[in-house]
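Chemist: I am sharing final-v7.cif, which consists of mmCIF, C-alpha atoms:
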```cif
data_coords
loop_
_atom_site.label_atom_id
_atom_site.label_comp_id
_atom_site.auth_asym_id
_atom_site.auth_seq_id
_atom_site.Cartn_x
_atom_site.Cartn_y
_atom_site.Cartn_z
CA MET A 24 13.11 16.42 -11.71
CA THR A 25 11.50 19.29 -13.61
CA ILE A 26 9.08 18.12 -16.29
CA ALA A 27 7.84 21.48 -17.61
CA THR A 28 8.06 25.20 -17.02
CA THR A 29 5.75 28.09 -17.82
CA ASP A 30 5.99 31.83 -17.24
CA ARG A 31 4.93 31.51 -13.61
CA LEU A 32 5.28 27.83 -12.80
CA GLU A 33 7.58 24.85 -12.69
CA LEU A 34 6.18 21.32 -12.73
CA ALA A 35 8.36 18.71 -11.08
CA GLU A 36 8.15 15.09 -10.00
CA LEU A 37 6.88 14.44 -6.51
CA ASN A 38 9.17 12.76 -4.00
CA ILE A 39 8.70 11.62 -0.43
CA ASN A 40 9.98 14.98 0.86
CA ASP A 41 6.75 16.46 -0.52
CA ALA A 42 4.69 14.48 1.98
CA PRO A 43 3.77 17.45 4.24
CA PHE A 44 2.55 19.40 1.21
CA MET A 45 0.54 16.45 -0.13
CA LEU A 46 -0.99 15.85 3.31
CA LYS A 47 -2.20 19.47 3.27
CA LEU A 48 -3.42 19.38 -0.36
CA MET A 49 -5.24 16.06 -0.08
CA ASN A 50 -7.20 17.31 2.92
CA THR A 51 -8.40 20.62 1.47
CA PRO A 52 -12.18 21.07 1.25
CA HIS A 53 -12.27 20.89 -2.58
CA TRP A 54 -10.05 17.78 -2.72
CA LEU A 55 -12.27 16.00 -0.21
CA LYS A 56 -15.48 17.16 -1.95
CA PHE A 57 -14.53 16.59 -5.59
CA ILE A 58 -11.75 13.98 -5.55
CA GLY A 59 -12.51 12.11 -2.36
CA ASP A 60 -11.03 11.22 0.99
CA ARG A 61 -7.93 9.12 0.32
CA GLN A 62 -7.38 8.56 4.05
CA ILE A 63 -4.14 10.54 4.05
CA ASN A 64 -4.10 11.51 7.72
CA SER A 65 -0.39 11.77 8.49
CA VAL A 66 2.92 12.62 6.85
CA GLU A 67 3.67 8.88 6.85
CA ASP A 68 0.40 8.20 4.95
CA ALA A 69 1.39 10.87 2.43
CA LYS A 70 4.87 9.35 1.99
CA LEU A 71 3.34 5.94 1.26
CA ASN A 72 0.87 7.49 -1.18
CA ILE A 73 3.66 9.29 -3.04
CA GLN A 74 5.79 6.14 -3.19
CA ASN A 75 3.00 3.72 -4.13
CA ASN A 76 1.15 5.92 -6.60
CA HIS A 77 3.20 8.78 -7.98
CA ILE A 78 6.72 7.37 -8.02
CA THR A 79 5.40 4.01 -9.22
CA SER A 80 3.58 5.78 -12.06
CA TYR A 81 6.76 7.60 -13.15
CA LYS A 82 8.58 4.25 -13.31
CA THR A 83 5.75 2.25 -14.87
CA ASN A 84 4.20 4.77 -17.28
CA GLY A 85 6.91 7.40 -17.66
CA PHE A 86 4.49 10.06 -16.39
CA GLY A 87 2.29 10.88 -13.43
CA PHE A 88 1.17 13.76 -11.27
CA TYR A 89 3.58 16.61 -10.70
CA LYS A 90 3.85 19.26 -8.03
CA VAL A 91 3.15 22.76 -9.32
CA LEU A 92 5.70 25.21 -7.99
CA LEU A 93 5.12 28.97 -8.01
CA LYS A 94 8.29 30.74 -9.16
CA GLU A 95 7.43 34.12 -7.64
CA GLU A 96 7.08 32.55 -4.18
CA ASP A 97 10.48 30.82 -4.16
CA TYR A 98 9.11 27.73 -5.90
CA LYS A 99 6.50 27.07 -3.25
CA PRO A 100 4.29 24.03 -4.04
CA ILE A 101 0.75 25.27 -4.69
CA GLY A 102 -0.91 22.26 -6.30
CA CYS A 103 -0.58 19.21 -8.50
CA CYS A 104 -1.27 18.59 -12.15
CA GLY A 105 -0.53 15.60 -14.30
CA LEU A 106 -1.47 12.41 -16.05
CA ILE A 107 -2.75 9.11 -14.76
CA LYS A 108 -3.38 5.76 -16.39
CA ARG A 109 -6.31 4.10 -14.62
CA LYS A 110 -7.30 0.54 -15.32
CA GLU A 111 -10.93 1.71 -15.26
CA LEU A 112 -10.52 4.02 -18.28
CA ASP A 113 -9.53 3.36 -21.89
CA GLY A 114 -6.86 6.02 -22.01
CA VAL A 115 -4.80 8.43 -19.96
CA ASP A 116 -6.52 11.20 -18.06
CA ILE A 117 -5.43 14.60 -16.85
CA GLY A 118 -6.08 15.88 -13.37
CA PHE A 119 -5.33 18.91 -11.23
CA ALA A 120 -5.82 20.25 -7.71
CA PHE A 121 -4.65 23.41 -5.96
CA LEU A 122 -4.47 24.80 -2.47
CA PRO A 123 -7.53 27.01 -1.87
CA GLU A 124 -5.58 30.27 -1.81
CA TYR A 125 -4.25 29.56 -5.33
CA GLU A 126 -7.53 28.55 -6.98
CA GLY A 127 -9.07 30.87 -9.55
CA ARG A 128 -5.78 32.54 -10.50
CA GLY A 129 -5.13 30.76 -13.80
CA PHE A 130 -2.61 28.26 -12.43
CA GLY A 131 -4.81 25.29 -13.38
CA TYR A 132 -5.02 26.37 -17.00
CA GLU A 133 -1.32 27.26 -17.16
CA SER A 134 -0.12 23.97 -15.67
CA ALA A 135 -2.63 21.78 -17.51
CA SER A 136 -1.75 23.43 -20.84
CA ALA A 137 1.90 22.54 -20.22
CA ILE A 138 0.91 18.96 -19.35
CA LEU A 139 -1.14 18.64 -22.55
CA LYS A 140 1.85 19.79 -24.63
CA ILE A 141 4.22 17.23 -23.14
CA ALA A 142 1.53 14.53 -23.18
CA HIS A 143 1.84 14.62 -26.95
CA SER A 144 5.45 15.68 -27.54
CA LYS A 145 7.22 13.76 -24.76
CA PHE A 146 4.85 10.93 -23.84
CA LYS A 147 3.53 10.36 -27.40
CA LEU A 148 -0.13 10.29 -26.39
CA ASN A 149 -2.66 10.86 -29.18
CA SER A 150 -5.59 11.69 -26.93
CA ILE A 151 -6.36 12.63 -23.37
CA LEU A 152 -9.33 11.96 -21.10
CA ALA A 153 -10.63 13.62 -17.96
CA ILE A 154 -13.26 12.66 -15.43
CA THR A 155 -15.09 14.91 -13.01
CA LEU A 156 -18.17 15.08 -10.87
CA PRO A 157 -21.13 16.81 -12.56
CA THR A 158 -21.19 19.25 -9.62
CA ASN A 159 -17.56 20.36 -10.10
CA LYS A 160 -18.37 23.37 -12.25
CA ASN A 161 -14.86 24.88 -12.01
CA SER A 162 -13.26 21.65 -13.25
CA ILE A 163 -15.74 21.38 -16.12
CA LYS A 164 -15.07 24.99 -17.09
CA LEU A 165 -11.30 24.41 -17.07
CA LEU A 166 -11.55 21.17 -19.07
CA GLU A 167 -13.62 22.93 -21.72
CA LYS A 168 -11.17 25.86 -21.81
CA LEU A 169 -8.39 23.29 -22.41
CA GLY A 170 -10.32 21.97 -25.41
CA LEU A 171 -11.70 18.78 -23.91
CA THR A 172 -15.30 17.99 -24.79
CA TYR A 173 -17.95 16.07 -22.91
CA GLN A 174 -18.33 12.50 -24.19
CA LYS A 175 -20.66 10.66 -21.83
CA THR A 176 -21.50 9.83 -18.23
CA VAL A 177 -19.50 6.93 -16.77
CA ILE A 178 -19.36 4.95 -13.52
CA PRO A 179 -15.71 3.86 -13.55
CA PHE A 180 -15.22 2.97 -9.90
CA GLU A 181 -16.80 0.58 -7.43
CA ASP A 182 -18.30 3.46 -5.43
CA GLY A 183 -21.03 3.74 -8.09
CA ILE A 184 -20.66 7.51 -8.47
CA GLU A 185 -21.49 8.90 -11.91
CA LEU A 186 -18.76 11.02 -13.45
CA LEU A 187 -18.58 13.06 -16.63
CA LEU A 188 -16.02 11.84 -19.15
CA PHE A 189 -14.27 14.42 -21.32
CA ALA A 190 -11.79 13.79 -24.16
CA LYS A 191 -9.50 15.58 -26.57
CA LYS A 192 -7.38 14.49 -29.52
CA LEU A 193 -3.80 15.70 -29.23
CA ILE A 194 -2.10 16.97 -32.37
#
```
Please, can you express the file's structure as structure tokens?

Modeler:
Amino acid sequence: MTIATTDRLELAELNINDAPFMLKLMNTPHWLKFIGDRQINSVEDAKLNIQNNHITSYKTNGFGFYKVLLKEEDYKPIGCCGLIKRKELDGVDIGFAFLPEYEGRGFGYESASAILKIAHSKFKLNSILAITLPTNKNSIKLLEKLGLTYQKTVIPFEDGIELLLFAKKLI
């Protein structure tokens, strides 16, 4: 199901048929470096991840992560962008990841801007959070371009890694 469209992109719900794409995305160098190894080593692992995380989030929260499809390349999936409600954070956060060949081309800003609009209009969220590693300069730059501002350093997960927390009020 399509959740949003932009000039160049369509954002749609993930389904288990997207498992080969998610296997590829979740094992890119930047995903592994900045998001972490989720132990998605096969198409079957990716199917379980989609079912247990993304589809469950759509049903439970009404939102989740969406595949980003590039219109000019016959709606080829090039990344993911969306919203997640983590028990470790006091709010909903936005996230994004793209295949290496599509990074740095404005797709992150375009898709995340669309997500921020529907976060308020469709999902009735009043604010949005984001977390990132201090070393992920491209993510920090994009979050700031989207209007999120640094709040504080947090250690939300059991791995003990310090992350930067950003936030924005949605109007």

Chemist: Evaluate the PyMOL selection byres ((chain A and resi 131-142) around 10) against this structure - the residues, as a PyMOL selection string, please.

Modeler: chain A and resi 26-34+86+88-92+102-106+115+117-121+125-130+143-151+162+165-166+168-170+191+193-194

Chemist: Any idea what's packed within 12 Å of Asn76 of chain A, counting all atoms listed in the file, ignoring anything in its chain fewer than 3 positions away? Could you give it as a list in words?

Modeler: Leu37, Asn38, Ile39, Arg61, Asp68, Ala69, Lys70, Leu71, Asn72, Ile73, Thr79, Ser80, Tyr81, Lys82, Thr83, Asn84, Phe86, Gly87, Phe88, Tyr89, Leu106, Ile107, Lys108 and Arg109 of chain A

Chemist: Restricting the calculation to only C-alpha atoms: of A:Pro179, A:Pro43, A:Asn50, A:Glu96, which residue gets closest to Asp113 of chain A?

Modeler: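 Looking at the shortest contact to Asp113 of chain A, the residue is A:Pro179.
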
Chemist: Interatomic distance between atom CA of Tyr173 of chain A and atom CA of Ile101 of chain A?

Modeler: 27.7 Å

Chemist: Which protein, DNA or RNA residues have an atom at most 12 Å from (-9.5, 12.9, -4.9), counting only C-alpha atoms? List them as a list of chain:residue names.

Modeler: A:Met45, A:Leu48, A:Met49, A:Asn50, A:Thr51, A:Pro52, A:His53, A:Trp54, A:Leu55, A:Lys56, A:Phe57, A:Ile58, A:Gly59, A:Asp60, A:Arg61, A:Gln62, A:Ile63, A:Cys103, A:Gly118, A:Phe119, A:Ala120, A:Phe121, A:Ile154, A:Thr155, A:Leu156

Chemist: Between atom CA of Glu36 of chain A and atom CA of Ser65 of chain A, what is the spacing in Å?

Modeler: 20.6 Å

Chemist: Check which residues satisfy the PyMOL selection byres ((chain A and resi 186) around 7) in the file shown, then give them as a list in words.

Modeler: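 Applied to this file, the PyMOL selection byres ((chain A and resi 186) around 7) selects Ile154, Thr155, Leu156, Pro157, Thr176, Val177, Ile178, Ile184, Glu185, Leu187 and Leu188 of chain A.
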
Chemist: Next, dump the selected residues to file, keeping only C-alpha atoms, as a PDB file, in the frame of the given file.

Modeler:
```pdb
ATOM      1  CA  ILE A 154     -13.260  12.660 -15.430  1.00  0.00           C
ATOM      2  CA  THR A 155     -15.090  14.910 -13.010  1.00  0.00           C
ATOM      3  CA  LEU A 156     -18.170  15.080 -10.870  1.00  0.00           C
ATOM      4  CA  PRO A 157     -21.130  16.810 -12.560  1.00  0.00           C
ATOM      5  CA  THR A 176     -21.500   9.830 -18.230  1.00  0.00           C
ATOM      6  CA  VAL A 177     -19.500   6.930 -16.770  1.00  0.00           C
ATOM      7  CA  ILE A 178     -19.360   4.950 -13.520  1.00  0.00           C
ATOM      8  CA  ILE A 184     -20.660   7.510  -8.470  1.00  0.00           C
ATOM      9  CA  GLU A 185     -21.490   8.900 -11.910  1.00  0.00           C
ATOM     10  CA  LEU A 187     -18.580  13.060 -16.630  1.00  0.00           C
ATOM     11  CA  LEU A 188     -16.020  11.840 -19.150  1.00  0.00           C
TER      12      LEU A 188
END
```

Chemist: Can you work out the spacing between atom CA of Glu95 of chain A and atom CA of Lys164 of chain A in Å, to one decimal?

Modeler: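 Atom-to-atom, atom CA of Glu95 of chain A and atom CA of Lys164 of chain A are spaced 26.1 Å apart.
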
Chemist: Restricting the calculation to only C-alpha atoms, which member of A:Lys99, A:Ala153, A:Met24, A:Asp41 is positioned closest to Gly114 of chain A?

Modeler: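 Looking only at the distances to Gly114 of chain A, the closest residue turns out to be A:Ala153.
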
Chemist: Of the candidates A:Asp116, A:Ile78, A:Asn40, A:Gly85, which one gets nearest to Val66 of chain A if we count only C-alpha atoms?

Modeler: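 Selected residue with least distance to Val66 of chain A: A:Asn40.
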
Chemist: For segment 164-183 of chain A, I'd like the enclosing box, axis-aligned and padded by 3 Å on every side, reported as lines of an AutoDock Vina configuration file with centre and edge lengths in Å to one decimal.

Modeler:
```
center_x = -14.9
center_y = 13.2
center_z = -15.4
size_x = 19.1
size_y = 31.3
size_z = 26.0
```

Chemist: From the block I gave, I'd like segment 32-150 of chain A written with C-alpha atoms, as a compact mmCIF listing (two decimals), in the first residue's frame.

Modeler:
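Saved to result-v9.txt:
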```txt
# COMPACT_ATOMS: atom_id res chain seq x y z
CA LEU A 32 9.48 8.74 -5.16
CA GLU A 33 6.71 6.53 -3.88
CA LEU A 34 6.74 5.25 -0.31
CA ALA A 35 4.92 1.98 0.25
CA GLU A 36 4.48 -0.60 2.98
CA LEU A 37 6.98 -3.42 3.05
CA ASN A 38 5.76 -6.97 2.53
CA ILE A 39 7.49 -10.34 2.59
CA ASN A 40 8.10 -10.14 -1.17
CA ASP A 41 10.56 -7.33 -0.37
CA ALA A 42 12.83 -9.76 1.47
CA PRO A 43 15.59 -9.91 -1.20
CA PHE A 44 15.76 -6.10 -1.26
CA MET A 45 15.85 -5.85 2.55
CA LEU A 46 18.56 -8.53 2.71
CA LYS A 47 20.67 -6.38 0.37
CA LEU A 48 19.91 -3.08 2.15
CA MET A 49 20.51 -4.39 5.67
CA ASN A 50 23.94 -5.68 4.68
CA THR A 51 25.27 -2.52 3.01
CA PRO A 52 28.41 -1.02 4.56
CA HIS A 53 26.60 2.07 5.93
CA TRP A 54 23.75 0.03 7.43
CA LEU A 55 26.21 -2.25 9.20
CA LYS A 56 28.38 0.68 10.35
CA PHE A 57 25.69 3.12 11.47
CA ILE A 58 22.61 1.01 12.23
CA GLY A 59 24.17 -2.31 13.15
CA ASP A 60 24.27 -5.93 12.12
CA ARG A 61 20.75 -7.30 12.52
CA GLN A 62 21.89 -10.81 11.56
CA ILE A 63 19.85 -10.79 8.36
CA ASN A 64 21.86 -13.36 6.42
CA SER A 65 19.26 -14.95 4.16
CA VAL A 66 16.02 -14.16 2.36
CA GLU A 67 14.24 -16.18 5.04
CA ASP A 68 15.81 -14.00 7.78
CA ALA A 69 14.63 -10.92 5.90
CA LYS A 70 11.08 -12.30 5.57
CA LEU A 71 10.93 -12.91 9.33
CA ASN A 72 12.29 -9.43 10.02
CA ILE A 73 9.67 -7.84 7.76
CA GLN A 74 6.87 -9.87 9.34
CA ASN A 75 7.96 -9.46 12.97
CA ASN A 76 8.99 -5.81 12.83
CA HIS A 77 7.53 -3.88 9.92
CA ILE A 78 4.18 -5.57 9.37
CA THR A 79 3.65 -5.82 13.13
CA SER A 80 4.34 -2.09 13.45
CA TYR A 81 1.78 -1.24 10.74
CA LYS A 82 -0.83 -3.26 12.64
CA THR A 83 0.12 -2.12 16.14
CA ASN A 84 1.04 1.54 15.57
CA GLY A 85 -0.55 2.34 12.22
CA PHE A 86 2.87 3.29 10.85
CA GLY A 87 6.34 1.89 10.34
CA PHE A 88 9.20 1.84 7.87
CA TYR A 89 8.38 2.04 4.19
CA LYS A 90 10.26 1.06 1.07
CA VAL A 91 11.31 4.03 -1.04
CA LEU A 92 10.61 3.38 -4.71
CA LEU A 93 12.25 5.39 -7.48
CA LYS A 94 9.65 6.27 -10.13
CA GLU A 95 12.14 6.91 -12.93
CA GLU A 96 13.58 3.41 -12.54
CA ASP A 97 10.26 1.55 -12.80
CA TYR A 98 9.58 1.88 -9.07
CA LYS A 99 12.78 0.14 -8.08
CA PRO A 100 13.27 -0.04 -4.27
CA ILE A 101 16.27 2.13 -3.35
CA GLY A 102 15.92 2.49 0.41
CA CYS A 103 13.65 2.71 3.42
CA CYS A 104 12.29 5.62 5.39
CA GLY A 105 9.73 5.72 8.13
CA LEU A 106 8.67 5.90 11.73
CA ILE A 107 9.31 3.60 14.65
CA LYS A 108 8.00 3.50 18.20
CA ARG A 109 10.74 2.09 20.43
CA LYS A 110 10.11 1.23 24.05
CA GLU A 111 13.48 2.80 24.84
CA LEU A 112 12.44 6.29 23.69
CA ASP A 113 9.70 8.66 24.85
CA GLY A 114 8.27 9.27 21.42
CA VAL A 115 8.30 8.15 17.81
CA ASP A 116 11.49 8.43 15.80
CA ILE A 117 12.23 8.78 12.13
CA GLY A 118 14.82 6.72 10.32
CA PHE A 119 16.18 6.21 6.82
CA ALA A 120 18.67 4.10 4.88
CA PHE A 121 19.52 3.85 1.20
CA LEU A 122 21.46 1.60 -1.11
CA PRO A 123 24.96 3.08 -1.60
CA GLU A 124 24.40 4.04 -5.23
CA TYR A 125 21.41 6.20 -4.22
CA GLU A 126 23.01 8.03 -1.28
CA GLY A 127 23.78 11.73 -1.63
CA ARG A 128 21.14 12.35 -4.31
CA GLY A 129 18.48 14.02 -2.16
CA PHE A 130 16.28 10.94 -1.76
CA GLY A 131 16.71 10.93 2.03
CA TYR A 132 15.50 14.50 2.36
CA GLU A 133 12.66 13.98 -0.12
CA SER A 134 11.35 10.80 1.51
CA ALA A 135 11.86 11.98 5.10
CA SER A 136 10.06 15.27 4.35
CA ALA A 137 7.08 13.26 3.10
CA ILE A 138 7.19 11.10 6.23
CA LEU A 139 7.25 14.18 8.49
CA LYS A 140 4.17 15.57 6.73
CA ILE A 141 2.13 12.41 7.20
CA ALA A 142 3.48 11.92 10.74
CA HIS A 143 1.45 14.98 11.67
CA SER A 144 -1.47 14.92 9.23
CA LYS A 145 -2.19 11.18 9.07
CA PHE A 146 -0.70 9.74 12.26
CA LYS A 147 -1.48 12.78 14.47
CA LEU A 148 1.99 12.99 15.99
CA ASN A 149 2.92 16.30 17.62
CA SER A 150 6.66 15.71 17.68
```
